[in-house]
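The structure appears right after this line, and notes come after that.
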Amino acid sequence: MDYKSTFNLLFFIKRTRMLRTGEAPIYMRITVNGKRCDTGLCKGVDPNLWSSEKGFASGTTKEAKSVNALLDSIRIQIQRIIINLRAENKPVTAVSIRNAYMGIEDNAGKKVLALYREHNKKIKQLENIDYSPETIERYEVSLKHTENFIKSKYQKDDLFLTELNNEFIQDYEIYFKTVRKCAHNTTLKYIKNFKKIINIAISNGDLKQNPFPAFKMKLKKVDRGFLNDEELDIIINKELHVQRLSQVRDCFVFSCFTGLAHSDLYNLSKENIVTGTDGGKWIKIKRKKTDNLCSIPILSVSQKILDKYKNDPFCLLNNKLLPVITNQKTNSYLKEIATICGIEKNFSSHLARHTFATTVTLNNNVPIESVSKMLGHSSINMTKIYARLLDKKVGKDMEHLNGRYSISI
């Protein structure tokens with residue numbers, strides 16, 4: 001921008017993107033020679049105080065004075081940035097001014113998806129070393145969704161890192177919840193994956209600071225499902241004449257009585273069966289997800305299932321104790337089994353782990369410390385997520401109070 005170029009700085013609010021505080025976010029618009037660049041200021045204001053004509057807060061309240069003082073300070077910073085860019089013979093554009101204000105170095109060679117692909121390529125080299133195949137697949141899926149979002153939102157094949165701002169992450173969240181129909185927690189998991197890429201860019205020096213510092217992630221508490229005693233009995237005793245369904249049911253029931261996650265069940269082999277100090281058989285296996293050791297005594301139900309498949313050709317060939325298939329197919333077949341059994345619950349392989357924690361152990365007076373060790377948790381706080389007491393147990397625990405107290409009416 002030479003001295004004859006046109007420059008304009010405007011502050012405005014977006015009433016359509018109200019913050020949780022009830023305030024409207026303030027944005028800055030830099031325009032140079034008709035080309036503009038908008039960015040959020042990570043600051044909100046009561047929309048009733050804002051004057052759209054003047055571009056600042058009206059009134060003499062403490063909030064209005066605070067907001068206007070900030071905007072005056074930013075206006076001075078922008079003027080200094082323009083002076084410095086000219087002194088350094090650097091191009092003065094709306095984007096370069098915005099980037100200098102945000103502390104972002106212009107680097108046209110660094111793009112979002114390119115950095116994402118580079119990350120995925122590196123973790124692929126560490127498959128089964130530092131990263132599980134499931135984690136790698138999760139990042140590949142996240143990358144694909146990000147590609148689709150950028151293409152649909154910006155009509156581009158990629159974005160420069162310097163183009164990222166708070167509006168991007170807000171629209172990114174909306175994309176998953178509306179276009180992809182993802183639940184809140186699932187959406188935040190995708191955003192968490194993306195923010196890892198941004199953190200890499202920051203640590204590499206490609207970005208000086210977080211381009212969307214105002215975005216906060218908070219998972220919603222979810223009541224995870226489980227099978228009660230009656231439903232578990234139905235699953236165990238249901239005659240299934242289709243082999244694939246019968247095998248999936250057996251593996252699911254085994255998890256209900258051991259608490260093993262699908263990935264650990266898949267890796268279960270003869271080497272994981274040991275004789276405990278009590279003389280009984282135990283499962284000793286490190287969780288694939290956390291590398292924590294699980295120590296689980298084998299109950300009679302579990303042993304019967306192991307005996308059923310001890311000579312199974314698939315198990316013998318692959319050194320496995322059970323004919324476990326992929327998690328995706330398992331979940332699909334479990335939904336078929338649920339329909340056959342007349343159980344209206346969202347069946348998945350992880351439902352077995354919750355059933356073990358709630359129905360099989362905690363509600364049969366197994367101490368939470370023991371349950372935590374069997375589940376391979378690093379702390380009891382993690383186990384408490386699974387800890388729900390059924391009405392049956394609460395009623396039983398209260399039985400001794402009947403007749404203890406009397407009342408005269």
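Chain labels run A, B, ... following the order of the structure tokens; each chain numbers its residues from 1, and ligands are numbered from 1 in the order shown.
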
Taking the DSSP secondary structure from the backbone, can you list the residues of stretch 135-351 of chain A that are alpha helix (DSSP H), as an MDAnalysis selection string? chainID A and resid 135:154 166:178 184:203 229:237 243:256 262:267 300:308 313:318 327:341 349:351

Output the selection as an mmCIF file, in the first residue's frame - C-alpha atoms for each residue.
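In the end it all went to part.cif:
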```cif
data_model
loop_
_atom_site.group_PDB
_atom_site.id
_atom_site.type_symbol
_atom_site.label_atom_id
_atom_site.label_comp_id
_atom_site.auth_asym_id
_atom_site.auth_seq_id
_atom_site.Cartn_x
_atom_site.Cartn_y
_atom_site.Cartn_z
ATOM 1 C CA THR A 135 -6.293 -43.591 16.155
ATOM 2 C CA ILE A 136 -4.696 -43.259 12.730
ATOM 3 C CA GLU A 137 -8.023 -43.987 11.051
ATOM 4 C CA ARG A 138 -9.676 -41.363 13.269
ATOM 5 C CA TYR A 139 -7.259 -38.693 12.047
ATOM 6 C CA GLU A 140 -7.772 -39.754 8.426
ATOM 7 C CA VAL A 141 -11.535 -39.390 8.833
ATOM 8 C CA SER A 142 -11.037 -36.008 10.518
ATOM 9 C CA LEU A 143 -8.857 -34.871 7.617
ATOM 10 C CA LYS A 144 -11.498 -35.904 5.080
ATOM 11 C CA HIS A 145 -14.197 -33.972 6.929
ATOM 12 C CA THR A 146 -11.944 -30.911 7.114
ATOM 13 C CA GLU A 147 -11.292 -31.096 3.361
ATOM 14 C CA ASN A 148 -15.028 -31.219 2.690
ATOM 15 C CA PHE A 149 -15.707 -28.323 5.067
ATOM 16 C CA ILE A 150 -13.112 -26.040 3.455
ATOM 17 C CA LYS A 151 -14.365 -26.906 -0.018
ATOM 18 C CA SER A 152 -18.005 -26.257 0.856
ATOM 19 C CA LYS A 153 -17.399 -23.118 2.948
ATOM 20 C CA TYR A 154 -14.607 -21.398 1.036
ATOM 21 C CA ASN A 166 -12.442 -17.385 15.186
ATOM 22 C CA GLU A 167 -15.157 -17.402 12.524
ATOM 23 C CA PHE A 168 -13.540 -20.463 10.941
ATOM 24 C CA ILE A 169 -13.752 -22.560 14.109
ATOM 25 C CA GLN A 170 -17.324 -21.458 14.791
ATOM 26 C CA ASP A 171 -18.413 -22.474 11.282
ATOM 27 C CA TYR A 172 -16.367 -25.675 11.619
ATOM 28 C CA GLU A 173 -18.408 -26.604 14.694
ATOM 29 C CA ILE A 174 -21.696 -25.762 12.940
ATOM 30 C CA TYR A 175 -20.665 -27.886 9.940
ATOM 31 C CA PHE A 176 -20.286 -31.033 12.043
ATOM 32 C CA LYS A 177 -23.528 -30.486 13.938
ATOM 33 C CA THR A 178 -25.648 -29.669 10.874
ATOM 34 C CA HIS A 184 -22.067 -32.324 20.572
ATOM 35 C CA ASN A 185 -19.355 -34.552 22.067
ATOM 36 C CA THR A 186 -18.500 -36.147 18.725
ATOM 37 C CA THR A 187 -18.166 -32.674 17.200
ATOM 38 C CA LEU A 188 -15.746 -31.608 19.928
ATOM 39 C CA LYS A 189 -13.624 -34.708 19.330
ATOM 40 C CA TYR A 190 -13.187 -33.683 15.697
ATOM 41 C CA ILE A 191 -12.335 -30.128 16.772
ATOM 42 C CA LYS A 192 -9.821 -31.502 19.274
ATOM 43 C CA ASN A 193 -8.111 -33.381 16.438
ATOM 44 C CA PHE A 194 -7.975 -30.194 14.376
ATOM 45 C CA LYS A 195 -6.623 -28.122 17.264
ATOM 46 C CA LYS A 196 -3.736 -30.575 17.565
ATOM 47 C CA ILE A 197 -2.736 -29.608 14.020
ATOM 48 C CA ILE A 198 -2.930 -25.919 14.974
ATOM 49 C CA ASN A 199 -0.760 -26.550 18.043
ATOM 50 C CA ILE A 200 1.814 -28.211 15.787
ATOM 51 C CA ALA A 201 1.783 -25.111 13.556
ATOM 52 C CA ILE A 202 2.354 -22.922 16.619
ATOM 53 C CA SER A 203 5.171 -25.112 17.960
ATOM 54 C CA ASP A 229 -29.928 -58.531 34.694
ATOM 55 C CA GLU A 230 -33.075 -59.448 32.761
ATOM 56 C CA GLU A 231 -31.724 -58.135 29.441
ATOM 57 C CA LEU A 232 -28.394 -59.865 30.004
ATOM 58 C CA ASP A 233 -30.183 -63.185 30.631
ATOM 59 C CA ILE A 234 -32.147 -62.777 27.397
ATOM 60 C CA ILE A 235 -28.954 -62.204 25.386
ATOM 61 C CA ILE A 236 -27.184 -65.169 27.002
ATOM 62 C CA ASN A 237 -29.998 -67.674 26.514
ATOM 63 C CA GLN A 243 -23.243 -68.489 13.061
ATOM 64 C CA ARG A 244 -22.012 -64.906 12.656
ATOM 65 C CA LEU A 245 -24.637 -63.651 15.118
ATOM 66 C CA SER A 246 -23.971 -66.462 17.567
ATOM 67 C CA GLN A 247 -20.244 -65.748 17.591
ATOM 68 C CA VAL A 248 -20.712 -62.001 18.028
ATOM 69 C CA ARG A 249 -23.171 -62.656 20.873
ATOM 70 C CA ASP A 250 -20.671 -64.946 22.608
ATOM 71 C CA CYS A 251 -17.886 -62.366 22.330
ATOM 72 C CA PHE A 252 -20.246 -59.654 23.607
ATOM 73 C CA VAL A 253 -21.294 -61.758 26.612
ATOM 74 C CA PHE A 254 -17.639 -62.516 27.341
ATOM 75 C CA SER A 255 -17.017 -58.762 27.523
ATOM 76 C CA CYS A 256 -20.022 -58.374 29.830
ATOM 77 C CA HIS A 262 -13.295 -54.585 21.797
ATOM 78 C CA SER A 263 -9.655 -53.883 20.881
ATOM 79 C CA ASP A 264 -8.412 -55.842 23.917
ATOM 80 C CA LEU A 265 -10.843 -58.678 23.262
ATOM 81 C CA TYR A 266 -9.540 -58.836 19.694
ATOM 82 C CA ASN A 267 -5.939 -59.226 20.923
ATOM 83 C CA SER A 300 -17.648 -69.738 34.979
ATOM 84 C CA VAL A 301 -19.696 -68.003 32.248
ATOM 85 C CA SER A 302 -16.521 -66.661 30.654
ATOM 86 C CA GLN A 303 -14.763 -70.034 30.917
ATOM 87 C CA LYS A 304 -17.624 -71.811 29.135
ATOM 88 C CA ILE A 305 -17.300 -69.398 26.221
ATOM 89 C CA LEU A 306 -13.525 -69.938 26.080
ATOM 90 C CA ASP A 307 -14.041 -73.713 26.099
ATOM 91 C CA LYS A 308 -16.530 -73.418 23.232
ATOM 92 C CA PRO A 313 -10.095 -73.168 13.309
ATOM 93 C CA PHE A 314 -10.039 -69.369 13.092
ATOM 94 C CA CYS A 315 -8.847 -69.024 16.684
ATOM 95 C CA LEU A 316 -6.163 -71.684 16.310
ATOM 96 C CA LEU A 317 -4.871 -70.190 13.058
ATOM 97 C CA ASN A 318 -4.671 -66.643 14.456
ATOM 98 C CA ASN A 327 -15.638 -53.359 15.669
ATOM 99 C CA GLN A 328 -17.719 -51.932 12.833
ATOM 100 C CA LYS A 329 -19.158 -55.325 11.875
ATOM 101 C CA THR A 330 -19.567 -56.269 15.525
ATOM 102 C CA ASN A 331 -21.706 -53.208 16.205
ATOM 103 C CA SER A 332 -23.766 -53.851 13.080
ATOM 104 C CA TYR A 333 -24.475 -57.466 14.077
ATOM 105 C CA LEU A 334 -25.205 -56.464 17.678
ATOM 106 C CA LYS A 335 -28.018 -54.258 16.437
ATOM 107 C CA GLU A 336 -29.475 -57.295 14.644
ATOM 108 C CA ILE A 337 -29.195 -59.316 17.849
ATOM 109 C CA ALA A 338 -30.906 -56.577 19.857
ATOM 110 C CA THR A 339 -33.830 -56.620 17.422
ATOM 111 C CA ILE A 340 -34.114 -60.411 17.619
ATOM 112 C CA CYS A 341 -34.066 -60.240 21.421
ATOM 113 C CA SER A 349 -19.407 -53.419 21.780
ATOM 114 C CA HIS A 350 -18.762 -50.800 24.482
ATOM 115 C CA LEU A 351 -22.179 -51.481 26.005
#
```

Please extract the residues of stretch 85-177 of chain A with a backbone DSSP assignment of strand (DSSP E or B) and present them as a PyMOL selection string. chain A and resi 111+127+131+160

Preceding selection exported with N, CA and C atoms as a PDB file, in the first residue's frame:
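What ended up in result_19.pdb:
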```pdb
ATOM      1  N   LYS A 111      -0.016 -24.427   4.486  1.00  0.00           N
ATOM      2  CA  LYS A 111      -1.466 -24.510   4.377  1.00  0.00           C
ATOM      3  C   LYS A 111      -2.012 -25.537   5.364  1.00  0.00           C
ATOM      4  N   GLU A 127       2.589 -46.476  13.489  1.00  0.00           N
ATOM      5  CA  GLU A 127       1.462 -47.379  13.737  1.00  0.00           C
ATOM      6  C   GLU A 127       1.924 -48.595  14.551  1.00  0.00           C
ATOM      7  N   TYR A 131       0.970 -45.174  18.063  1.00  0.00           N
ATOM      8  CA  TYR A 131      -0.426 -44.948  17.674  1.00  0.00           C
ATOM      9  C   TYR A 131      -1.075 -46.248  17.228  1.00  0.00           C
ATOM     10  N   PHE A 160      -4.593 -21.064   3.649  1.00  0.00           N
ATOM     11  CA  PHE A 160      -3.358 -20.714   4.328  1.00  0.00           C
ATOM     12  C   PHE A 160      -3.613 -20.661   5.830  1.00  0.00           C
TER      13      PHE A 160
END
```

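Atom CA of A:Asp72 is positioned 15.5 Å from atom CA of A:Cys42.
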
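Among the candidate residues A:Val45, A:Glu369, A:Asn84, A:Ala183, the one lying nearest to A:Lys220 is A:Ala183, with distances computed using only C-alpha atoms.
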
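Minimum distance to A:Val32 across A:Val95, A:Leu164, A:Leu322, A:Ile380 (counting only C-alpha atoms) occurs at A:Val95.
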
Which residues come within 6 Å of A:Lys14, counting only C-alpha atoms, excluding same-chain residues fewer than 3 positions away, as a ChimeraX atom specification? /A:17,24-25

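Going from atom CA of A:Asp291 over to atom CA of A:Asn363, you cover 27.2 Å.
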
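If you measure from each of A:Phe11, A:Glu23, A:Pro91, A:Arg29 to A:Leu71 using only C-alpha atoms, the closest one turns out to be A:Phe11.
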
Test item: residues at most 12 Å from A:Ile82, only C-alpha atoms, excluding those fewer than 6 positions along its chain, as a compact mmCIF listing (two decimals) with N, CA and C atoms, in the first residue's frame:
```
# COMPACT_ATOMS: atom_id res chain seq x y z
N MET A 1 0.85 -1.19 0.00
CA MET A 1 0.00 0.00 0.00
C MET A 1 0.88 1.24 0.00
N ASP A 2 0.78 2.06 -1.07
CA ASP A 2 1.53 3.31 -1.08
C ASP A 2 0.69 4.38 -0.38
N TYR A 3 1.23 5.59 -0.37
CA TYR A 3 0.56 6.64 0.39
C TYR A 3 -0.73 7.13 -0.27
N SER A 5 -2.91 4.91 -1.47
CA SER A 5 -3.86 3.81 -1.32
C SER A 5 -4.96 4.20 -0.33
N PHE A 7 -7.41 3.33 2.75
CA PHE A 7 -7.40 2.47 3.94
C PHE A 7 -8.58 2.83 4.83
N ASN A 8 -9.22 1.79 5.39
CA ASN A 8 -10.32 2.04 6.30
C ASN A 8 -10.33 0.97 7.39
N LEU A 9 -10.62 1.40 8.60
CA LEU A 9 -10.72 0.47 9.73
C LEU A 9 -12.11 0.63 10.35
N ILE A 30 -10.62 -4.57 8.23
CA ILE A 30 -9.56 -3.76 7.62
C ILE A 30 -9.78 -3.78 6.11
N VAL A 32 -8.21 -2.31 2.45
CA VAL A 32 -7.14 -1.64 1.72
C VAL A 32 -7.43 -1.75 0.23
N ARG A 75 -6.90 0.76 17.31
CA ARG A 75 -6.74 1.69 16.18
C ARG A 75 -5.31 2.24 16.13
N ILE A 76 -4.76 2.55 17.30
CA ILE A 76 -3.38 3.04 17.38
C ILE A 76 -2.41 1.94 16.94
N GLU A 88 9.63 -1.28 6.46
CA GLU A 88 10.32 -2.53 6.13
C GLU A 88 10.11 -2.93 4.68
N ASN A 89 9.46 -2.07 3.91
CA ASN A 89 9.20 -2.34 2.50
C ASN A 89 8.42 -3.64 2.28
N LYS A 90 7.54 -3.91 3.19
CA LYS A 90 6.69 -5.09 3.08
C LYS A 90 5.35 -4.69 2.49
N PRO A 91 4.70 -5.62 1.77
CA PRO A 91 3.39 -5.29 1.19
C PRO A 91 2.38 -4.96 2.29
N VAL A 92 1.66 -3.87 2.08
CA VAL A 92 0.65 -3.46 3.06
C VAL A 92 -0.72 -3.78 2.47
N THR A 93 -1.29 -4.88 2.92
CA THR A 93 -2.61 -5.32 2.48
C THR A 93 -3.49 -5.54 3.70
N ALA A 94 -4.76 -5.76 3.45
CA ALA A 94 -5.67 -6.02 4.57
C ALA A 94 -5.23 -7.26 5.34
N VAL A 95 -4.80 -8.30 4.62
CA VAL A 95 -4.38 -9.54 5.26
C VAL A 95 -3.07 -9.36 6.02
N SER A 96 -2.10 -8.65 5.42
CA SER A 96 -0.80 -8.47 6.09
C SER A 96 -0.94 -7.62 7.36
N ILE A 97 -1.85 -6.62 7.32
CA ILE A 97 -2.10 -5.82 8.52
C ILE A 97 -2.74 -6.67 9.60
N ARG A 98 -3.76 -7.46 9.20
CA ARG A 98 -4.42 -8.35 10.16
C ARG A 98 -3.42 -9.34 10.76
N ASN A 99 -2.59 -9.94 9.93
CA ASN A 99 -1.62 -10.93 10.41
C ASN A 99 -0.61 -10.32 11.37
N ALA A 100 -0.16 -9.11 11.05
CA ALA A 100 0.79 -8.44 11.92
C ALA A 100 0.15 -8.12 13.27
N TYR A 101 -1.11 -7.72 13.25
CA TYR A 101 -1.83 -7.45 14.50
C TYR A 101 -1.96 -8.71 15.35
```

Could you check which of A:Ala261, A:Leu49, A:Ile83, A:Leu227 is closest to A:Thr290, using only C-alpha atoms? A:Ala261
